[in-house]
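Novice: To be precise about what I am sending: the file is called entry_22.cif and holds mmCIF, C-alpha atoms.
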data_data
#
loop_
_atom_site.label_atom_id
_atom_site.label_comp_id
_atom_site.auth_asym_id
_atom_site.auth_seq_id
_atom_site.Cartn_x
_atom_site.Cartn_y
_atom_site.Cartn_z
CA MET E 197 -21.55 4.66 0.30
CA THR E 198 -20.00 5.24 3.66
CA GLY E 199 -20.23 2.22 5.93
CA LYS E 200 -20.46 -0.42 3.17
CA PRO E 201 -17.71 -3.03 3.59
CA LEU E 202 -17.25 -3.84 -0.11
CA LEU E 203 -16.84 -1.69 -3.21
CA LEU E 204 -15.99 -2.12 -6.87
CA PHE E 205 -13.01 -0.45 -8.49
CA VAL E 206 -13.52 -0.24 -12.25
CA PHE E 207 -10.39 -0.57 -14.37
CA GLY E 208 -9.97 -0.39 -18.11
CA THR E 209 -9.71 -4.17 -18.42
CA GLY E 210 -12.27 -5.31 -15.90
CA ILE E 211 -13.86 -4.92 -12.49
CA LEU E 212 -11.93 -5.64 -9.32
CA LEU E 213 -13.59 -6.28 -5.97
CA VAL E 214 -11.78 -4.18 -3.38
CA ILE E 215 -12.40 -4.44 0.32
CA ALA E 216 -11.63 -0.84 1.26
CA ALA E 217 -14.75 0.40 3.02
CA GLY E 218 -16.55 3.57 1.96
CA LEU E 219 -14.14 4.72 -0.77
CA LYS E 220 -14.83 8.17 -2.15
CA SER E 221 -14.59 8.62 -5.91
CA HIS E 222 -11.45 10.52 -6.96
CA ASP E 223 -9.22 9.87 -9.95
CA GLY E 224 -7.29 11.54 -12.72
CA ASN E 225 -4.37 11.08 -15.07
CA LYS E 226 -1.18 13.02 -15.44
CA ASN E 227 1.22 12.21 -18.26
CA ASP E 228 4.91 12.92 -17.83
CA SER E 229 8.40 11.59 -18.39
CA ALA E 230 9.87 8.15 -19.04
CA THR E 231 11.11 5.74 -16.39
CA SER E 232 14.46 4.55 -15.09
CA HIS E 233 15.71 2.99 -11.89
CA ALA E 234 18.79 2.08 -9.94
CA ALA E 235 18.67 -0.14 -6.91
CA ASN E 236 20.91 -0.24 -4.07
CA SER E 237 21.12 -0.24 -0.36
CA ILE E 238 19.54 -2.18 2.47
CA VAL E 239 17.62 -0.49 5.29
CA THR E 240 16.53 -2.19 8.53
CA ASP E 241 13.49 -1.48 10.70
CA ILE E 242 13.25 -1.52 14.50
CA ASP E 243 12.37 -5.25 14.43
CA GLY E 244 15.44 -6.08 12.34
CA ASN E 245 13.56 -6.69 9.07
CA ALA E 246 15.69 -5.76 6.05
CA TYR E 247 14.39 -3.94 2.96
CA HIS E 248 16.02 -3.30 -0.40
CA THR E 249 15.73 0.15 -1.95
CA VAL E 250 15.25 1.52 -5.43
CA LYS E 251 15.73 5.00 -6.91
CA ILE E 252 12.85 6.11 -9.12
CA GLY E 253 13.37 9.58 -10.52
CA ASN E 254 14.37 11.76 -7.57
CA GLN E 255 12.80 9.44 -5.00
CA VAL E 256 14.19 6.42 -3.15
CA TRP E 257 11.62 3.79 -2.18
CA MET E 258 11.68 0.57 -0.21
CA VAL E 259 11.19 -2.37 -2.55
CA GLU E 260 9.31 -4.50 0.01
CA ASN E 261 6.16 -3.85 2.05
CA LEU E 262 6.71 -2.82 5.66
CA LYS E 263 6.27 -5.47 8.36
CA THR E 264 7.39 -3.81 11.56
CA THR E 265 5.39 -4.53 14.72
CA ARG E 266 6.87 -1.54 16.55
CA TYR E 267 7.10 2.19 16.00
CA ARG E 268 10.49 3.80 15.45
CA ASP E 269 10.89 4.52 19.18
CA GLY E 270 10.37 0.84 20.05
CA SER E 271 6.75 1.18 21.21
CA ARG E 272 4.52 -1.75 20.31
CA ILE E 273 1.83 -1.35 17.65
CA ALA E 274 -1.39 -3.04 18.71
CA ASN E 275 -1.98 -6.33 16.90
CA ILE E 276 -5.77 -6.50 16.55
CA VAL E 277 -7.25 -9.85 15.55
CA ALA E 278 -11.00 -9.63 16.23
CA ASP E 279 -13.12 -8.03 13.49
CA HIS E 280 -15.19 -5.87 15.83
CA SER E 281 -12.14 -4.61 17.75
CA TRP E 282 -10.49 -3.72 14.44
CA SER E 283 -13.56 -1.86 13.20
CA VAL E 284 -13.95 0.36 16.27
CA SER E 285 -10.29 1.13 16.94
CA THR E 286 -9.18 4.74 16.46
CA SER E 287 -5.57 4.13 17.47
CA GLY E 288 -2.73 2.57 15.58
CA ALA E 289 -3.03 -1.14 14.79
CA TYR E 290 -1.63 -3.78 12.48
CA CYS E 291 -2.49 -7.35 11.52
CA TRP E 292 -1.26 -10.16 9.30
CA TYR E 293 -3.47 -11.20 6.41
CA GLU E 294 -6.28 -13.38 7.81
CA ASN E 295 -4.41 -13.17 11.15
CA ASP E 296 -1.95 -15.79 9.87
CA THR E 297 1.35 -15.13 11.67
CA SER E 298 3.27 -17.03 8.96
CA PHE E 299 2.98 -13.80 6.96
CA ARG E 300 5.50 -12.32 9.40
CA GLN E 301 8.20 -14.27 7.58
CA GLY E 302 6.71 -13.70 4.13
CA VAL E 303 7.00 -10.97 1.53
CA TYR E 304 3.53 -9.42 1.73
CA GLY E 305 4.21 -7.45 4.91
CA ALA E 306 1.72 -6.35 7.54
CA LEU E 307 -1.55 -4.50 7.08
CA TYR E 308 -1.86 -1.23 9.02
CA ASN E 309 -4.79 1.06 9.71
CA TYR E 310 -4.34 4.75 8.99
CA TYR E 311 -4.06 5.59 12.68
CA ALA E 312 -0.74 3.72 12.77
CA VAL E 313 0.41 5.64 9.69
CA ALA E 314 -0.45 8.97 11.33
CA ASP E 315 1.05 8.14 14.74
CA ARG E 316 3.83 10.57 15.67
CA ARG E 317 6.02 7.69 16.86
CA ASN E 318 6.55 6.86 13.15
CA LEU E 319 6.11 3.55 11.38
CA CYS E 320 9.15 3.87 9.12
CA PRO E 321 12.81 3.63 10.18
CA GLU E 322 14.92 6.73 10.89
CA GLY E 323 15.44 8.68 7.67
CA TRP E 324 12.28 7.27 6.08
CA HIS E 325 8.58 8.16 6.10
CA VAL E 326 5.19 7.12 4.75
CA PRO E 327 4.82 9.04 1.48
CA SER E 328 2.31 11.87 1.22
CA LYS E 329 -0.31 12.27 -1.48
CA SER E 330 1.94 14.69 -3.35
CA GLU E 331 4.84 12.22 -3.24
CA TRP E 332 2.68 9.43 -4.68
CA LEU E 333 1.55 11.88 -7.37
CA ALA E 334 5.19 12.61 -8.17
CA LEU E 335 5.86 8.88 -8.58
CA GLU E 336 2.95 8.29 -10.93
CA ALA E 337 3.84 11.42 -12.95
CA TYR E 338 7.41 10.17 -13.38
CA LEU E 339 6.03 6.84 -14.61
CA GLY E 340 4.05 8.57 -17.37
CA GLY E 341 0.76 9.19 -15.59
CA ARG E 342 -1.78 7.19 -13.66
CA ALA E 343 -3.16 5.50 -16.78
CA MET E 344 0.06 3.54 -17.28
CA ALA E 345 1.89 3.69 -13.93
CA GLY E 346 0.37 0.51 -12.49
CA GLY E 347 1.99 -1.86 -14.96
CA LYS E 348 5.38 -0.28 -14.38
CA MET E 349 4.99 -0.70 -10.60
CA LYS E 350 3.88 -4.36 -10.57
CA GLU E 351 6.17 -7.32 -10.01
CA THR E 352 6.08 -9.47 -13.13
CA GLY E 353 4.86 -13.06 -13.36
CA SER E 354 2.58 -15.06 -11.09
CA ALA E 355 4.78 -15.89 -8.09
CA HIS E 356 2.58 -13.56 -6.03
CA TRP E 357 0.00 -12.21 -8.49
CA HIS E 358 -2.77 -14.47 -9.70
CA ALA E 359 -2.53 -15.10 -13.43
CA PRO E 360 -2.87 -13.37 -15.76
CA ASN E 361 -0.94 -10.41 -14.36
CA ILE E 362 -1.90 -7.98 -17.09
CA ALA E 363 0.66 -5.50 -18.48
CA ALA E 364 3.14 -5.95 -15.61
CA SER E 365 6.66 -4.82 -16.52
CA ASN E 366 8.10 -3.64 -13.18
CA GLU E 367 9.98 -1.16 -15.34
CA CYS E 368 10.79 1.12 -12.42
CA GLY E 369 11.78 -1.61 -9.95
CA PHE E 370 9.01 -0.81 -7.46
CA SER E 371 8.10 -4.52 -7.40
CA GLY E 372 4.52 -4.11 -6.20
CA ILE E 373 2.96 -7.30 -4.86
CA PRO E 374 -0.71 -7.96 -4.02
CA GLY E 375 -0.89 -8.11 -0.24
CA GLY E 376 -4.66 -7.66 -0.18
CA GLY E 377 -6.22 -5.74 2.66
CA ARG E 378 -8.60 -5.60 5.58
CA ALA E 379 -11.94 -3.81 5.36
CA GLN E 380 -13.24 -1.27 7.85
CA LEU E 381 -15.44 -4.01 9.34
CA GLY E 382 -12.50 -6.38 9.74
CA TRP E 383 -12.92 -8.65 6.72
CA PHE E 384 -9.90 -9.75 4.66
CA GLY E 385 -9.67 -10.09 0.89
CA GLU E 386 -7.93 -9.57 -2.45
CA ILE E 387 -4.53 -11.14 -1.78
CA GLY E 388 -3.07 -12.08 -5.15
CA GLU E 389 -5.40 -9.60 -6.86
CA TYR E 390 -4.71 -6.13 -5.56
CA ALA E 391 -2.00 -4.11 -3.83
CA THR E 392 -2.89 -1.03 -1.80
CA TRP E 393 -0.51 1.32 0.04
CA TRP E 394 -1.38 4.13 2.42
CA SER E 395 -0.28 7.70 1.96
CA SER E 396 0.22 9.92 5.00
CA SER E 397 -2.36 12.43 3.71
CA ALA E 398 -5.80 12.56 5.29
CA GLU E 399 -8.78 13.63 3.22
CA ASP E 400 -11.01 14.44 6.22
CA SER E 401 -11.78 13.07 9.68
CA ASP E 402 -12.75 9.62 8.36
CA TYR E 403 -10.81 9.10 5.12
CA ALA E 404 -7.18 9.15 3.97
CA TRP E 405 -5.53 8.72 0.58
CA HIS E 406 -4.11 5.45 -0.68
CA TRP E 407 -2.65 4.17 -3.96
CA GLY E 408 -3.17 0.78 -5.55
CA VAL E 409 -2.43 -1.49 -8.50
CA SER E 410 -4.51 -4.36 -9.84
CA ARG E 411 -3.84 -7.70 -11.47
CA VAL E 412 -6.23 -6.79 -14.29
CA SER E 413 -5.04 -3.30 -15.19
CA ILE E 414 -2.07 -1.29 -16.42
CA ALA E 415 -3.37 1.76 -14.52
CA ALA E 416 -2.74 2.80 -10.95
CA LYS E 417 -5.64 3.83 -8.74
CA ALA E 418 -5.88 6.51 -6.06
CA ASN E 419 -8.75 7.14 -3.66
CA PRO E 420 -9.48 8.16 -0.09
CA GLY E 421 -10.31 5.03 1.93
CA HIS E 422 -11.70 4.72 5.43
CA LYS E 423 -9.02 5.15 8.09
CA ALA E 424 -10.06 1.90 9.77
CA SER E 425 -9.13 -0.09 6.66
CA GLY E 426 -5.95 -2.18 6.71
CA PHE E 427 -3.50 -1.60 3.85
CA SER E 428 0.18 -2.19 3.10
CA VAL E 429 2.84 0.48 3.64
CA ARG E 430 5.86 1.40 1.55
CA CYS E 431 8.39 3.82 3.03
CA LEU E 432 10.09 6.66 1.15
CA ARG E 433 13.47 8.12 2.02
CA ASP E 434 13.41 11.61 3.61
#
In structure tokens, how does this file's structure come out?
Specialist:
Amino acid sequence: MTGKPLLLFVFGTGILLVIAAGLKSHDGNKNDSATSHAANSIVTDIDGNAYHTVKIGNQVWMVENLKTTRYRDGSRIANIVADHSWSVSTSGAYCWYENDTSFRQGVYGALYNYYAVADRRNLCPEGWHVPSKSEWLALEAYLGGRAMAGGKMKETGSAHWHAPNIAASNECGFSGIPGGGRAQLGWFGEIGEYATWWSSSAEDSDYAWHWGVSRVSIAAKANPGHKASGFSVRCLRD
């Protein structure tokens, strides 16, 4: 299915249209321990944006999606607006959903391609990093396995999620919100329906792992998506 701009993710409670281009089919469940959380500090990125943090098991996560426009060293990340330019870029880039700059002040954060995630200049602030595949696996295991982790990661209610937001408890305090995404070919979609976050782990030369949660499911989802796709980023403390 490589090269197709739209795909279907199938969840236990329905079918969700996801814009991640050329997703490969990988999945699996892993049941483990119960959840708990304790929130606490504030961390600031190079642009001065502030993020709350939450402790989930042995990990400390940012509670909000990243929205920096610069790497840790102060270098600018390319803001790519045009669909074609986005689709052919193989260097780090970000955008706001539907290129609406009002999202800069909002809670959804920016959308980044994988090349920005992998850039050695680092997206996350000092002392933080984009979580690897194994670190996302550790989170979902702590939350009782992939089959139930999604509901525990989702912000409750319909302030950001379209209703009904099925099985959302936000039990762990991750407060996942549906920032949508940008397809490999530059199209936008799924805000209010789906949240997707990059991992730092590449699958091969074209694909890298990401995690997601859906409005219509209690489960989390993990797949390799095309590196030219635009997804949200959550940072994890070193």
Novice: Step by step, work through what the PyMOL selection byres ((chain E and resi 271) around 12) selects in the shown file, and finish by giving those residues as a PyMOL selection string.
Specialist: chain E and resi 242-243+264-270+272-274+288-289+312+315-319
Novice: The selected residues should be written to file as a CSV table (one decimal), keeping the file's coordinate frame (atoms: C-alpha atoms).
Specialist:
chain,number,residue,atom,x,y,z
E,242,ILE,CA,13.2,-1.5,14.5
E,243,ASP,CA,12.4,-5.2,14.4
E,264,THR,CA,7.4,-3.8,11.6
E,265,THR,CA,5.4,-4.5,14.7
E,266,ARG,CA,6.9,-1.5,16.6
E,267,TYR,CA,7.1,2.2,16.0
E,268,ARG,CA,10.5,3.8,15.4
E,269,ASP,CA,10.9,4.5,19.2
E,270,GLY,CA,10.4,0.8,20.0
E,272,ARG,CA,4.5,-1.8,20.3
E,273,ILE,CA,1.8,-1.4,17.6
E,274,ALA,CA,-1.4,-3.0,18.7
E,288,GLY,CA,-2.7,2.6,15.6
E,289,ALA,CA,-3.0,-1.1,14.8
E,312,ALA,CA,-0.7,3.7,12.8
E,315,ASP,CA,1.0,8.1,14.7
E,316,ARG,CA,3.8,10.6,15.7
E,317,ARG,CA,6.0,7.7,16.9
E,318,ASN,CA,6.6,6.9,13.2
E,319,LEU,CA,6.1,3.6,11.4
Novice: Calculate how many Å separate atom CA of Ser354 of chain E from atom CA of Arg378 of chain E, rounding to one decimal.
Specialist: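 Separation between atom CA of Ser354 of chain E and atom CA of Arg378 of chain E: 22.2 Å.
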Novice: Quick one: contact table of segment 225-324 of chain E to segment 399-411 of chain E, 10 Å max, nearest atom pair and distance in Å to one decimal per residue, counting all atoms listed in the file, chain and number order, as JSON lines?
Specialist:
{"residue": "E:Tyr310", "atom": "CA", "partner": "E:Ala404", "partner_atom": "CA", "distance": 7.3}
{"residue": "E:Tyr311", "atom": "CA", "partner": "E:Ala404", "partner_atom": "CA", "distance": 9.9}
{"residue": "E:Ala314", "atom": "CA", "partner": "E:Ala404", "partner_atom": "CA", "distance": 10.0}
Novice: Near segment 321-334 of chain E, within 10 Å and counting all atoms listed in the file, which residues show up once chain neighbours fewer than 2 positions away are dropped, as a ChimeraX atom specification?
Specialist: /E:225-226,228,239-243,253-258,262,264,267-269,313-314,318-319,336-339,341-342,393-399,404-407,418,429-434
Novice: Enter the distance from atom CA of Gln380 of chain E to atom CA of Ala246 of chain E, in Å, rounded to one decimal.
Specialist: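 Separating atom CA of Gln380 of chain E from atom CA of Ala246 of chain E is a distance of 29.3 Å.
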Novice: Could you tell me which residues the PyMOL selection byres ((chain E and resi 359) around 12) grabs in this file, written as a VMD selection string?
Specialist: chain E and resid 352 to 358 360 to 364 374 388 to 389 410 to 412
Novice: As an mmCIF file with C-alpha atoms, keeping the file's coordinate frame, please: the residues near His248 of chain E (cut-off 6 Å, only C-alpha atoms, same-chain neighbours under 4 positions excluded).
Specialist:
data_model
loop_
_atom_site.group_PDB
_atom_site.id
_atom_site.type_symbol
_atom_site.label_atom_id
_atom_site.label_comp_id
_atom_site.auth_asym_id
_atom_site.auth_seq_id
_atom_site.Cartn_x
_atom_site.Cartn_y
_atom_site.Cartn_z
ATOM 1 C CA SER E 237 21.120 -0.240 -0.360
ATOM 2 C CA ILE E 238 19.540 -2.180 2.470
ATOM 3 C CA MET E 258 11.680 0.570 -0.210
ATOM 4 C CA VAL E 259 11.190 -2.370 -2.550
#
Novice: Quick check, in Å to one decimal: how far apart do atom CA of Lys423 of chain E and atom CA of Gly382 of chain E lie?
Specialist: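 Atom CA of Gly382 of chain E lies 12.2 Å from atom CA of Lys423 of chain E.
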Novice: Would you list the residues near (-2.5, -10.6, 7.4) (no more than 8 Å away, in the coordinates of the file, using all atoms listed in the file) as JSON, numbers by chain?
Specialist: {"E": [291, 292, 293, 294, 295, 296, 297, 299, 305, 306, 307, 377, 384]}
Novice: With only C-alpha atoms as the atoms that count, which of E:Ala424, E:Leu335, E:Val303, E:Ala391 lies nearest to Thr286 of chain E?
Specialist: E:Ala424
Novice: Excluding Gly376 of chain E and any residue of its chain fewer than 5 positions from it, enumerate the residues within 6 Å of it, using only C-alpha atoms, and give them as a list in words.
Specialist: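 Once the nearby chain positions are removed, what remains is Gly385, Glu386, Ile387, Tyr390 and Ala391 of chain E.
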Novice: As JSON, please report the centre and edge lengths, rounded to one decimal in Å, of the axis-aligned box that holds all listed atoms of segment 407-425 of chain E with 4 Å of padding on each of the six sides.
Specialist:
{"center_x": -6.9, "center_y": 0.2, "center_z": -3.3, "size_x": 17.6, "size_y": 23.9, "size_z": 34.2}
Novice: Enumerate, as a PyMOL selection string, the protein, DNA and RNA residues whose atoms approach (-16.3, -6.7, 9.3) to within 6 Å, taking into account only C-alpha atoms and the coordinate frame of the file.
Specialist: chain E and resi 279+381-383
Novice: My structure is short of atoms at segment 412-426 of chain E; please model N, CA and C atoms there, returning them as an mmCIF file, in the coordinates of the input.
Specialist:
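Output file result_26.cif follows:
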data_model
loop_
_atom_site.group_PDB
_atom_site.id
_atom_site.type_symbol
_atom_site.label_atom_id
_atom_site.label_comp_id
_atom_site.auth_asym_id
_atom_site.auth_seq_id
_atom_site.Cartn_x
_atom_site.Cartn_y
_atom_site.Cartn_z
ATOM 1 N N VAL E 412 -5.541 -6.857 -13.001
ATOM 2 C CA VAL E 412 -6.230 -6.790 -14.290
ATOM 3 C C VAL E 412 -6.059 -5.468 -15.021
ATOM 4 N N SER E 413 -5.134 -4.617 -14.581
ATOM 5 C CA SER E 413 -5.040 -3.300 -15.190
ATOM 6 C C SER E 413 -3.609 -2.793 -15.271
ATOM 7 N N ILE E 414 -3.344 -1.991 -16.283
ATOM 8 C CA ILE E 414 -2.070 -1.290 -16.420
ATOM 9 C C ILE E 414 -2.066 0.007 -15.618
ATOM 10 N N ALA E 415 -3.244 0.483 -15.226
ATOM 11 C CA ALA E 415 -3.370 1.760 -14.520
ATOM 12 C C ALA E 415 -3.101 1.603 -13.027
ATOM 13 N N ALA E 416 -2.737 2.709 -12.407
ATOM 14 C CA ALA E 416 -2.740 2.800 -10.950
ATOM 15 C C ALA E 416 -4.065 3.403 -10.530
ATOM 16 N N LYS E 417 -4.391 3.275 -9.256
ATOM 17 C CA LYS E 417 -5.640 3.830 -8.740
ATOM 18 C C LYS E 417 -5.355 4.603 -7.460
ATOM 19 N N ALA E 418 -6.036 5.719 -7.280
ATOM 20 C CA ALA E 418 -5.880 6.510 -6.060
ATOM 21 C C ALA E 418 -7.247 6.941 -5.567
ATOM 22 N N ASN E 419 -7.484 6.771 -4.284
ATOM 23 C CA ASN E 419 -8.750 7.140 -3.660
ATOM 24 C C ASN E 419 -8.539 7.397 -2.179
ATOM 25 N N PRO E 420 -9.437 8.165 -1.554
ATOM 26 C CA PRO E 420 -9.480 8.160 -0.090
ATOM 27 C C PRO E 420 -10.236 6.919 0.380
ATOM 28 N N GLY E 421 -9.653 6.187 1.325
ATOM 29 C CA GLY E 421 -10.310 5.030 1.930
ATOM 30 C C GLY E 421 -10.513 5.274 3.415
ATOM 31 N N HIS E 422 -11.404 4.521 4.013
ATOM 32 C CA HIS E 422 -11.700 4.720 5.430
ATOM 33 C C HIS E 422 -10.461 4.435 6.276
ATOM 34 N N LYS E 423 -10.222 5.257 7.268
ATOM 35 C CA LYS E 423 -9.020 5.150 8.090
ATOM 36 C C LYS E 423 -8.942 3.845 8.880
ATOM 37 N N ALA E 424 -10.063 3.174 9.060
ATOM 38 C CA ALA E 424 -10.060 1.900 9.770
ATOM 39 C C ALA E 424 -9.698 0.729 8.875
ATOM 40 N N SER E 425 -9.541 0.968 7.574
ATOM 41 C CA SER E 425 -9.130 -0.090 6.660
ATOM 42 C C SER E 425 -7.679 -0.482 6.928
ATOM 43 N N GLY E 426 -7.319 -1.703 6.561
ATOM 44 C CA GLY E 426 -5.950 -2.180 6.710
ATOM 45 C C GLY E 426 -5.283 -2.342 5.368
#
